[in-house]
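Structure file work_1.cif; described as mmCIF, C-alpha atoms.
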```cif
data_start
#
loop_
_atom_site.group_PDB
_atom_site.id
_atom_site.type_symbol
_atom_site.label_atom_id
_atom_site.label_comp_id
_atom_site.auth_asym_id
_atom_site.auth_seq_id
_atom_site.Cartn_x
_atom_site.Cartn_y
_atom_site.Cartn_z
ATOM 1 C CA MET A 1 -11.358 82.951 45.406
ATOM 2 C CA GLN A 2 -9.149 85.980 44.774
ATOM 3 C CA HIS A 3 -7.144 85.901 41.529
ATOM 4 C CA ILE A 4 -3.664 87.481 41.448
ATOM 5 C CA THR A 5 -1.358 87.840 38.441
ATOM 6 C CA VAL A 6 2.328 88.115 39.330
ATOM 7 C CA PHE A 7 4.622 89.408 36.589
ATOM 8 C CA GLY A 8 8.114 88.082 37.202
ATOM 9 C CA GLY A 9 6.692 85.424 39.515
ATOM 10 C CA SER A 10 9.369 82.866 38.626
ATOM 11 C CA GLY A 11 12.220 85.085 39.862
ATOM 12 C CA PHE A 12 13.865 85.174 43.294
ATOM 13 C CA ILE A 13 11.300 87.323 45.114
ATOM 14 C CA GLY A 14 8.496 85.946 42.962
ATOM 15 C CA ARG A 15 9.010 82.314 43.993
ATOM 16 C CA HIS A 16 8.814 83.207 47.676
ATOM 17 C CA LEU A 17 5.849 85.526 47.121
ATOM 18 C CA VAL A 18 3.858 82.936 45.157
ATOM 19 C CA GLU A 19 4.391 80.348 47.884
ATOM 20 C CA HIS A 20 3.250 82.892 50.484
ATOM 21 C CA LEU A 21 0.165 83.838 48.478
ATOM 22 C CA THR A 22 -0.933 80.267 47.817
ATOM 23 C CA ARG A 23 -0.798 79.547 51.546
ATOM 24 C CA THR A 24 -3.489 82.217 51.956
ATOM 25 C CA GLY A 25 -5.759 80.349 49.533
ATOM 26 C CA VAL A 26 -5.680 82.706 46.550
ATOM 27 C CA SER A 27 -5.325 81.702 42.906
ATOM 28 C CA VAL A 28 -2.016 82.853 41.390
ATOM 29 C CA ARG A 29 -1.110 83.254 37.739
ATOM 30 C CA ILE A 30 2.667 83.494 37.214
ATOM 31 C CA ALA A 31 3.461 85.590 34.153
ATOM 32 C CA ALA A 32 7.074 85.242 32.981
ATOM 33 C CA ARG A 33 9.053 85.056 29.751
ATOM 34 C CA HIS A 34 10.105 81.428 30.280
ATOM 35 C CA PRO A 35 7.863 80.103 33.043
ATOM 36 C CA LEU A 36 8.218 76.416 32.206
ATOM 37 C CA THR A 37 12.014 76.473 32.257
ATOM 38 C CA THR A 38 12.655 78.939 35.079
ATOM 39 C CA ALA A 39 9.994 77.831 37.541
ATOM 40 C CA GLU A 40 9.240 74.584 39.329
ATOM 41 C CA PRO A 41 6.270 72.520 38.077
ATOM 42 C CA PRO A 42 2.996 73.524 39.710
ATOM 43 C CA ARG A 43 2.527 71.824 43.070
ATOM 44 C CA LEU A 44 -0.845 73.350 43.838
ATOM 45 C CA ALA A 45 -3.959 73.571 41.727
ATOM 46 C CA GLN A 46 -4.298 77.314 42.284
ATOM 47 C CA ILE A 47 -0.969 78.099 40.515
ATOM 48 C CA GLN A 48 -0.985 78.715 36.772
ATOM 49 C CA TYR A 49 2.065 79.495 34.605
ATOM 50 C CA VAL A 50 1.747 81.580 31.447
ATOM 51 C CA ALA A 51 4.497 82.656 29.035
ATOM 52 C CA VAL A 52 4.356 86.447 28.700
ATOM 53 C CA ASP A 53 6.580 88.997 26.998
ATOM 54 C CA ILE A 54 6.056 92.179 29.013
ATOM 55 C CA LEU A 55 6.897 94.129 25.841
ATOM 56 C CA ASN A 56 3.779 92.766 24.127
ATOM 57 C CA ASP A 57 0.457 94.517 24.751
ATOM 58 C CA ALA A 58 -1.770 91.569 23.877
ATOM 59 C CA ALA A 59 0.243 89.105 25.994
ATOM 60 C CA VAL A 60 0.161 91.402 29.018
ATOM 61 C CA GLN A 61 -3.590 91.932 28.711
ATOM 62 C CA ALA A 62 -4.195 88.193 28.396
ATOM 63 C CA ALA A 63 -2.150 87.543 31.542
ATOM 64 C CA ILE A 64 -4.159 90.119 33.498
ATOM 65 C CA GLN A 65 -7.598 89.120 32.214
ATOM 66 C CA GLY A 66 -9.772 87.979 35.119
ATOM 67 C CA ALA A 67 -7.348 89.097 37.847
ATOM 68 C CA ASP A 68 -8.472 91.088 40.892
ATOM 69 C CA THR A 69 -4.898 92.085 41.790
ATOM 70 C CA VAL A 70 -1.704 92.512 39.774
ATOM 71 C CA ILE A 71 1.841 92.525 41.165
ATOM 72 C CA ASN A 72 4.757 93.583 38.960
ATOM 73 C CA LEU A 73 8.174 92.302 40.086
ATOM 74 C CA VAL A 74 9.959 92.575 36.732
ATOM 75 C CA GLY A 75 13.450 94.054 36.946
ATOM 76 C CA ILE A 76 16.911 93.499 35.494
ATOM 77 C CA LEU A 77 20.483 94.410 36.486
ATOM 78 C CA SER A 78 21.955 94.209 32.984
ATOM 79 C CA GLN A 79 20.605 94.686 29.474
ATOM 80 C CA ALA A 80 20.489 92.173 26.638
ATOM 81 C CA GLY A 81 18.915 92.700 23.221
ATOM 82 C CA ARG A 82 15.364 94.008 23.553
ATOM 83 C CA GLN A 83 15.475 93.539 27.311
ATOM 84 C CA THR A 84 16.643 97.057 28.127
ATOM 85 C CA PHE A 85 16.166 99.137 31.265
ATOM 86 C CA THR A 86 13.883 101.550 29.443
ATOM 87 C CA ALA A 87 11.843 98.808 27.801
ATOM 88 C CA LEU A 88 11.247 96.787 30.970
ATOM 89 C CA HIS A 89 11.431 99.178 33.909
ATOM 90 C CA GLU A 90 9.567 102.011 32.207
ATOM 91 C CA GLY A 91 7.711 100.679 29.165
ATOM 92 C CA GLY A 92 6.834 97.343 30.757
ATOM 93 C CA ALA A 93 5.696 99.005 33.985
ATOM 94 C CA HIS A 94 3.456 101.383 32.033
ATOM 95 C CA ARG A 95 2.053 98.537 29.920
ATOM 96 C CA VAL A 96 1.140 96.469 32.992
ATOM 97 C CA ALA A 97 -0.420 99.442 34.802
ATOM 98 C CA ALA A 98 -2.367 100.641 31.751
ATOM 99 C CA SER A 99 -3.691 97.142 31.054
ATOM 100 C CA ALA A 100 -4.638 96.691 34.714
ATOM 101 C CA ARG A 101 -6.574 99.958 34.612
ATOM 102 C CA ARG A 102 -8.258 99.068 31.314
ATOM 103 C CA LEU A 103 -9.339 95.643 32.594
ATOM 104 C CA GLY A 104 -10.742 96.910 35.892
ATOM 105 C CA VAL A 105 -8.121 95.458 38.251
ATOM 106 C CA ARG A 106 -8.832 96.579 41.818
ATOM 107 C CA GLN A 107 -5.288 96.605 43.174
ATOM 108 C CA LEU A 108 -1.842 97.076 41.616
ATOM 109 C CA VAL A 109 1.464 96.601 43.443
ATOM 110 C CA HIS A 110 4.596 97.761 41.637
ATOM 111 C CA VAL A 111 8.014 96.763 42.998
ATOM 112 C CA SER A 112 10.775 99.276 42.300
ATOM 113 C CA ALA A 113 14.009 99.705 44.316
ATOM 114 C CA LEU A 114 15.664 101.958 46.852
ATOM 115 C CA GLY A 115 17.937 104.361 45.019
ATOM 116 C CA ALA A 116 15.495 104.886 42.155
ATOM 117 C CA SER A 117 15.788 108.505 41.064
ATOM 118 C CA ARG A 118 15.652 110.502 37.851
ATOM 119 C CA THR A 119 19.114 111.895 38.744
ATOM 120 C CA ALA A 120 20.767 108.630 39.840
ATOM 121 C CA PRO A 121 24.161 107.737 38.290
ATOM 122 C CA ALA A 122 22.931 104.312 37.130
ATOM 123 C CA ARG A 123 20.577 103.918 34.185
ATOM 124 C CA ALA A 124 18.843 101.067 36.026
ATOM 125 C CA ASP A 125 17.926 103.385 38.904
ATOM 126 C CA ARG A 126 16.847 106.198 36.560
ATOM 127 C CA SER A 127 14.633 103.832 34.559
ATOM 128 C CA LYS A 128 12.999 102.506 37.732
ATOM 129 C CA ALA A 129 12.157 106.063 38.778
ATOM 130 C CA ALA A 130 10.654 106.633 35.325
ATOM 131 C CA GLY A 131 8.698 103.404 35.762
ATOM 132 C CA GLU A 132 7.228 104.600 39.043
ATOM 133 C CA GLU A 133 6.087 107.803 37.341
ATOM 134 C CA ALA A 134 4.610 105.854 34.422
ATOM 135 C CA VAL A 135 2.632 103.630 36.793
ATOM 136 C CA ARG A 136 1.290 106.553 38.814
ATOM 137 C CA ALA A 137 0.258 108.377 35.622
ATOM 138 C CA VAL A 138 -2.219 105.668 34.607
ATOM 139 C CA PHE A 139 -2.967 103.927 37.946
ATOM 140 C CA PRO A 140 -2.652 106.613 40.662
ATOM 141 C CA GLU A 141 -3.801 104.330 43.471
ATOM 142 C CA ALA A 142 -1.068 101.745 42.766
ATOM 143 C CA THR A 143 1.096 100.774 45.730
ATOM 144 C CA ILE A 144 4.844 101.134 45.097
ATOM 145 C CA ILE A 145 7.452 99.179 47.058
ATOM 146 C CA ARG A 146 11.132 100.150 47.119
ATOM 147 C CA PRO A 147 13.199 97.381 48.748
ATOM 148 C CA SER A 148 16.889 97.499 49.586
ATOM 149 C CA LEU A 149 19.115 94.484 48.872
ATOM 150 C CA VAL A 150 16.842 91.438 49.287
ATOM 151 C CA TYR A 151 18.454 88.277 50.659
ATOM 152 C CA GLY A 152 17.356 84.689 51.171
ATOM 153 C CA PRO A 153 18.393 81.081 50.449
ATOM 154 C CA ASP A 154 18.526 81.491 46.655
ATOM 155 C CA ASP A 155 19.702 85.116 46.503
ATOM 156 C CA HIS A 156 22.332 86.370 44.077
ATOM 157 C CA PHE A 157 24.275 88.648 46.404
ATOM 158 C CA PHE A 158 25.390 86.471 49.313
ATOM 159 C CA ASN A 159 25.538 83.231 47.316
ATOM 160 C CA GLY A 160 27.373 84.962 44.482
ATOM 161 C CA PHE A 161 30.036 86.548 46.662
ATOM 162 C CA ALA A 162 30.443 83.351 48.693
ATOM 163 C CA ALA A 163 31.188 81.451 45.468
ATOM 164 C CA LEU A 164 33.685 84.111 44.373
ATOM 165 C CA ALA A 165 35.359 84.204 47.787
ATOM 166 C CA ARG A 166 35.904 80.441 47.645
ATOM 167 C CA ARG A 167 37.575 80.644 44.206
ATOM 168 C CA LEU A 168 39.476 83.913 44.141
ATOM 169 C CA PRO A 169 42.454 85.162 46.156
ATOM 170 C CA ALA A 170 41.089 88.722 46.138
ATOM 171 C CA LEU A 171 37.785 90.568 45.807
ATOM 172 C CA PRO A 172 37.368 94.191 44.688
ATOM 173 C CA LEU A 173 35.868 96.774 47.011
ATOM 174 C CA ILE A 174 34.314 98.982 44.356
ATOM 175 C CA GLY A 175 34.290 102.606 45.428
ATOM 176 C CA GLY A 176 36.304 101.619 48.478
ATOM 177 C CA GLY A 177 33.445 99.419 49.721
ATOM 178 C CA GLN A 178 31.603 102.360 51.295
ATOM 179 C CA THR A 179 28.203 101.994 49.562
ATOM 180 C CA ARG A 180 25.574 101.482 52.253
ATOM 181 C CA PHE A 181 22.904 98.767 52.146
ATOM 182 C CA GLN A 182 20.005 97.875 54.426
ATOM 183 C CA PRO A 183 19.512 94.179 53.547
ATOM 184 C CA VAL A 184 15.978 92.882 53.963
ATOM 185 C CA TYR A 185 14.969 89.224 54.274
ATOM 186 C CA VAL A 186 12.854 87.961 51.379
ATOM 187 C CA GLU A 187 10.283 86.429 53.738
ATOM 188 C CA ASP A 188 9.830 89.831 55.380
ATOM 189 C CA VAL A 189 9.353 91.403 51.955
ATOM 190 C CA VAL A 190 6.624 88.940 50.995
ATOM 191 C CA ALA A 191 4.979 89.355 54.401
ATOM 192 C CA GLY A 192 4.942 93.092 53.716
ATOM 193 C CA VAL A 193 3.334 92.515 50.328
ATOM 194 C CA GLY A 194 0.730 90.308 51.975
ATOM 195 C CA ALA A 195 -0.049 93.032 54.503
ATOM 196 C CA ILE A 196 -0.399 95.579 51.679
ATOM 197 C CA LEU A 197 -2.852 93.338 49.833
ATOM 198 C CA ALA A 198 -4.944 93.010 52.997
ATOM 199 C CA ASN A 199 -5.007 96.743 53.721
ATOM 200 C CA PRO A 200 -7.044 99.012 51.419
ATOM 201 C CA ALA A 201 -5.427 102.064 53.060
ATOM 202 C CA SER A 202 -2.095 101.075 51.478
ATOM 203 C CA ARG A 203 -3.319 101.984 48.004
ATOM 204 C CA GLY A 204 -1.617 104.986 46.494
ATOM 205 C CA THR A 205 1.224 104.702 49.037
ATOM 206 C CA THR A 206 4.965 104.223 48.500
ATOM 207 C CA TYR A 207 6.754 101.928 50.962
ATOM 208 C CA GLU A 208 10.477 101.557 51.607
ATOM 209 C CA PHE A 209 11.526 98.090 52.740
ATOM 210 C CA GLY A 210 14.806 97.733 54.611
ATOM 211 C CA GLY A 211 16.198 95.510 57.314
ATOM 212 C CA PRO A 212 17.012 96.493 60.917
ATOM 213 C CA ARG A 213 20.630 97.537 60.265
ATOM 214 C CA VAL A 214 22.715 99.444 57.700
ATOM 215 C CA TYR A 215 26.004 97.913 56.458
ATOM 216 C CA THR A 216 28.703 99.065 54.087
ATOM 217 C CA PHE A 217 29.566 96.921 51.076
ATOM 218 C CA GLU A 218 32.890 96.147 52.777
ATOM 219 C CA GLU A 219 31.167 94.971 55.954
ATOM 220 C CA LEU A 220 28.910 92.641 53.964
ATOM 221 C CA LEU A 221 31.874 91.082 52.130
ATOM 222 C CA GLU A 222 33.736 90.649 55.416
ATOM 223 C CA PHE A 223 30.664 88.945 56.862
ATOM 224 C CA VAL A 224 30.439 86.541 53.898
ATOM 225 C CA CYS A 225 34.131 85.638 54.143
ATOM 226 C CA ALA A 226 33.988 85.094 57.902
ATOM 227 C CA THR A 227 30.833 82.991 57.561
ATOM 228 C CA ILE A 228 32.380 80.540 55.092
ATOM 229 C CA GLY A 229 35.843 80.579 56.673
ATOM 230 C CA VAL A 230 37.948 82.130 53.898
ATOM 231 C CA ARG A 231 40.222 85.171 53.869
ATOM 232 C CA PRO A 232 40.617 86.617 50.366
ATOM 233 C CA LEU A 233 42.268 90.000 50.079
ATOM 234 C CA LEU A 234 39.699 92.799 49.874
ATOM 235 C CA VAL A 235 41.191 95.350 47.488
ATOM 236 C CA PRO A 236 39.774 98.897 47.273
ATOM 237 C CA LEU A 237 38.968 99.771 43.647
ATOM 238 C CA PRO A 238 37.958 103.379 42.879
ATOM 239 C CA PHE A 239 34.841 103.927 40.824
ATOM 240 C CA TRP A 240 36.556 105.194 37.664
ATOM 241 C CA PRO A 241 38.730 102.090 36.991
ATOM 242 C CA ALA A 242 35.797 99.866 38.045
ATOM 243 C CA GLU A 243 33.621 101.560 35.425
ATOM 244 C CA MET A 244 36.321 101.048 32.815
ATOM 245 C CA LEU A 245 36.528 97.365 33.751
ATOM 246 C CA GLY A 246 32.739 97.028 33.622
ATOM 247 C CA GLY A 247 32.706 98.658 30.195
ATOM 248 C CA LEU A 248 35.197 96.086 28.913
ATOM 249 C CA LEU A 249 33.434 93.096 30.458
ATOM 250 C CA GLN A 250 29.870 94.024 29.484
ATOM 251 C CA VAL A 251 30.457 93.094 25.833
ATOM 252 C CA PHE A 252 30.658 89.405 26.811
ATOM 253 C CA PRO A 253 27.603 87.163 27.296
ATOM 254 C CA ASP A 254 26.679 86.749 30.989
ATOM 255 C CA ALA A 255 29.165 89.472 31.895
ATOM 256 C CA PRO A 256 30.255 89.300 35.560
ATOM 257 C CA LEU A 257 30.249 93.100 35.744
ATOM 258 C CA THR A 258 28.861 96.001 33.699
ATOM 259 C CA ARG A 259 29.456 99.729 33.811
ATOM 260 C CA ASP A 260 25.917 100.352 35.034
ATOM 261 C CA GLN A 261 26.296 97.827 37.869
ATOM 262 C CA VAL A 262 29.308 99.802 39.060
ATOM 263 C CA ARG A 263 27.250 102.994 38.884
ATOM 264 C CA LEU A 264 24.541 101.364 40.998
ATOM 265 C CA LEU A 265 27.093 101.319 43.816
ATOM 266 C CA ARG A 266 27.366 105.109 43.703
ATOM 267 C CA THR A 267 23.943 105.312 45.388
ATOM 268 C CA ASP A 268 23.239 104.061 48.921
ATOM 269 C CA LYS A 269 20.351 101.593 49.200
ATOM 270 C CA VAL A 270 18.924 102.656 52.567
ATOM 271 C CA VAL A 271 15.477 103.833 53.608
ATOM 272 C CA SER A 272 14.969 107.598 53.636
ATOM 273 C CA GLY A 273 12.732 107.709 56.693
ATOM 274 C CA SER A 274 10.228 109.841 54.802
ATOM 275 C CA GLU A 275 8.063 106.921 53.605
ATOM 276 C CA PRO A 276 6.288 104.151 55.556
ATOM 277 C CA MET A 277 8.268 100.963 56.150
ATOM 278 C CA LEU A 278 7.746 97.303 57.047
ATOM 279 C CA ARG A 279 7.048 98.107 60.685
ATOM 280 C CA ASP A 280 4.172 100.318 59.561
ATOM 281 C CA LEU A 281 2.659 97.176 58.046
ATOM 282 C CA GLY A 282 3.119 95.175 61.247
ATOM 283 C CA VAL A 283 6.197 93.313 59.969
ATOM 284 C CA GLU A 284 9.309 93.371 62.179
ATOM 285 C CA PRO A 285 12.336 92.990 59.839
ATOM 286 C CA ARG A 286 14.775 90.277 60.875
ATOM 287 C CA ALA A 287 18.557 90.550 61.223
ATOM 288 C CA LEU A 288 20.643 88.748 58.612
ATOM 289 C CA GLU A 289 23.262 87.293 61.006
ATOM 290 C CA PRO A 290 21.207 84.240 62.112
ATOM 291 C CA ILE A 291 19.747 83.635 58.639
ATOM 292 C CA VAL A 292 22.477 83.953 56.000
ATOM 293 C CA PRO A 293 24.914 81.408 57.547
ATOM 294 C CA GLU A 294 22.205 78.744 57.363
ATOM 295 C CA TYR A 295 22.182 78.815 53.557
ATOM 296 C CA LEU A 296 25.879 79.471 52.969
ATOM 297 C CA THR A 297 26.891 76.138 54.527
ATOM 298 C CA THR A 298 27.693 74.616 51.107
ATOM 299 C CA TYR A 299 30.426 77.230 50.618
ATOM 300 C CA ARG A 300 32.004 76.788 54.040
ATOM 301 C CA ARG A 301 35.631 75.696 53.970
ATOM 302 C CA GLN A 302 36.330 72.703 56.160
ATOM 303 C CA GLY A 303 39.400 72.460 58.410
#
```
I need this file expressed as C-alpha cells, please.
Amino acid sequence: MQHITVFGGSGFIGRHLVEHLTRTGVSVRIAARHPLTTAEPPRLAQIQYVAVDILNDAAVQAAIQGADTVINLVGILSQAGRQTFTALHEGGAHRVAASARRLGVRQLVHVSALGASRTAPARADRSKAAGEEAVRAVFPEATIIRPSLVYGPDDHFFNGFAALARRLPALPLIGGGQTRFQPVYVEDVVAGVGAILANPASRGTTYEFGGPRVYTFEELLEFVCATIGVRPLLVPLPFWPAEMLGGLLQVFPDAPLTRDQVRLLRTDKVVSGSEPMLRDLGVEPRALEPIVPEYLTTYRRQG
C-alpha cells in the first residue's frame, strides 16, 4: 500500500483530496496543527491524523517518516503570531521539502498559488514565490501546483460573500472589482493531483490550475447575489482607501479584511498559458454556474 503524508490535510482542499486519495486505496497521514479539532473523525482505517507544527523540524520529520509521497497544502491568507507568511509559505515549505529529501521520499507535490511572484504587491504572494524557490532548491524534482480561486461546497469565497450579501445593504468592489479570477472546482483540483501522482513525467513540472472561464471580481459578486436572490449595492472602492481600511481592521482578532488581502487583489489570478494545465493531465475543468448554486441554497432568500 502506498503511504502519503498530506500537510494541511484538514483544510478545505485537503479534506477533498484525502477523500479522493482514500478511494484509490492508499494510506493517508493527515498532518495538521489541530487535526482532532479541525477534521472529522477517521472513517476509514487507512486515514491517520497527527498533530504537527510545520515550524518544528522534528515534528515534520516524524510526520513524513515512512511516506512514499508528500503533499504540502499549507497556506494562510492572514498572519497571526508565529504563523507568518515567511514562516509558513517559505520556511515551512523548505522544511517539508528538506525533510522529504532527507528521508528518501519518492514524490513531493507542493501547492502554491497563481499570482505568486517575488515582485507581487502582496506579501502572501511574494512568500509563496519564495517557497517555490526553497522547495526547488532542495527537491528539484518536486511538482508545483498553482491554482486560481478554488471553489466547492465548503469554500470561503462564495459562501463568505453569500453570507455578507444576505446581511449587508452594500458590498465593496475593491479596486473597482476588476481583478480577474479563473475559479477552479475543488474536485477538479484533486483529480489533477491524482493524475500527477500517477504520472512520473509530472515530476519537476509546474502546473497552473484554472477553470474554463475568466471572471472579474465584480462579475463573481453579481453571480453570488443573483444566485441567492439579493440585491445589495456594489460600491467601487479604490485600492488606497481599501488598504487603509484593511490596515485598521487587521489589528482585531479574526479581522474581516487585512491590508495584504487588499493587495492580493492587485494581481490577477489567471493561468499564464506558459505552463501545463489541468487539460494536460486529462482533467476537463468544469464551469461554476451549475455547481455553486447547489451549495448556496441555504443563503437563498425566499419570496
Selected residue of minimal separation from Ala287 in chain A among A:Ser78, A:Thr143, A:Asn199, A:Gln182, counting all atoms listed in the file: A:Gln182
Residues selected by the PyMOL selection byres ((chain A and resi 213) around 9), written as a list in words: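 Applying the expression gives Phe181, Gln182, Pro183, Gly210, Gly211, Pro212, Val214, Tyr215, Ala287 and Leu288 of chain A.
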Answer key for the PyMOL selection byres ((chain A and resi 243-254) around 12), residues as an NGL selection string: :A and (77-81 or 121-122 or 172 or 174-175 or 237-242 or 255-266)
Non-local contacts of Val28 in chain A (9 Å; all atoms listed in the file; under 6 positions in same chain excluded) as a list in words: Gln2, His3, Ile4, Thr5, Val6, Val18, Leu21, Thr22, Gln46, Ile47, Gln48, Tyr49 and Ala67 of chain A
Atomic separation - CA of Met1 in chain A relative to CA of Val190 in chain A, Å: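 Calculated distance between CA of Val190 in chain A and CA of Met1 in chain A is 19.8 Å.
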Counting all atoms listed in the file, the option among A:Leu17, A:Val74, A:Glu294, A:Ile64 closest to Arg33 in chain A: A:Val74
Nearest to Ala97 in chain A by atom-to-atom distance, counting only C-alpha atoms, from A:Phe223, A:Phe7, A:Phe85, A:Phe12: A:Phe7
Gap from CA of Met277 in chain A to CA of Pro200 in chain A - Å, one decimal: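 That distance, rounded to one decimal, is 16.1 Å.
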Expected selection from the PyMOL selection byres ((chain A and resi 139) around 12), given as an MDAnalysis selection string: chainID A and resid 70 93:110 131:138 140:144 203:205
A:Gly9, A:Gly75, A:Gly115, A:Gly176 ranked by distance to Leu221 in chain A, top pick (using all atoms listed in the file):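 Of the candidates, the smallest distance to Leu221 in chain A is held by A:Gly176.
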Point-to-point distance in Å for CA of Asp268 in chain A and CA of His89 in chain A: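 Computing the Euclidean distance for CA of His89 in chain A and CA of Asp268 in chain A yields 19.7 Å.
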Range 161-163 of chain A environment, 12 Å, all atoms listed in the file, sequence neighbours closer than 4 positions dropped, as a PyMOL selection string: chain A and resi 155-157+167-173+217-218+220-232+234+256+292-293+295-301
Best match for closeness to Arg286 in chain A among A:Ala195, A:Val189, A:Ala63, A:Ala87, counting all atoms listed in the file: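 Residue with the minimum atom-to-atom distance to Arg286 in chain A: A:Val189.
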Selected residue, from A:Ile71, A:Val150, A:Ala58, A:Ala51, that lies nearest to Glu187 in chain A when counting all atoms listed in the file: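 Once distances to Glu187 in chain A are computed over all atoms listed in the file, the minimum belongs to A:Val150.
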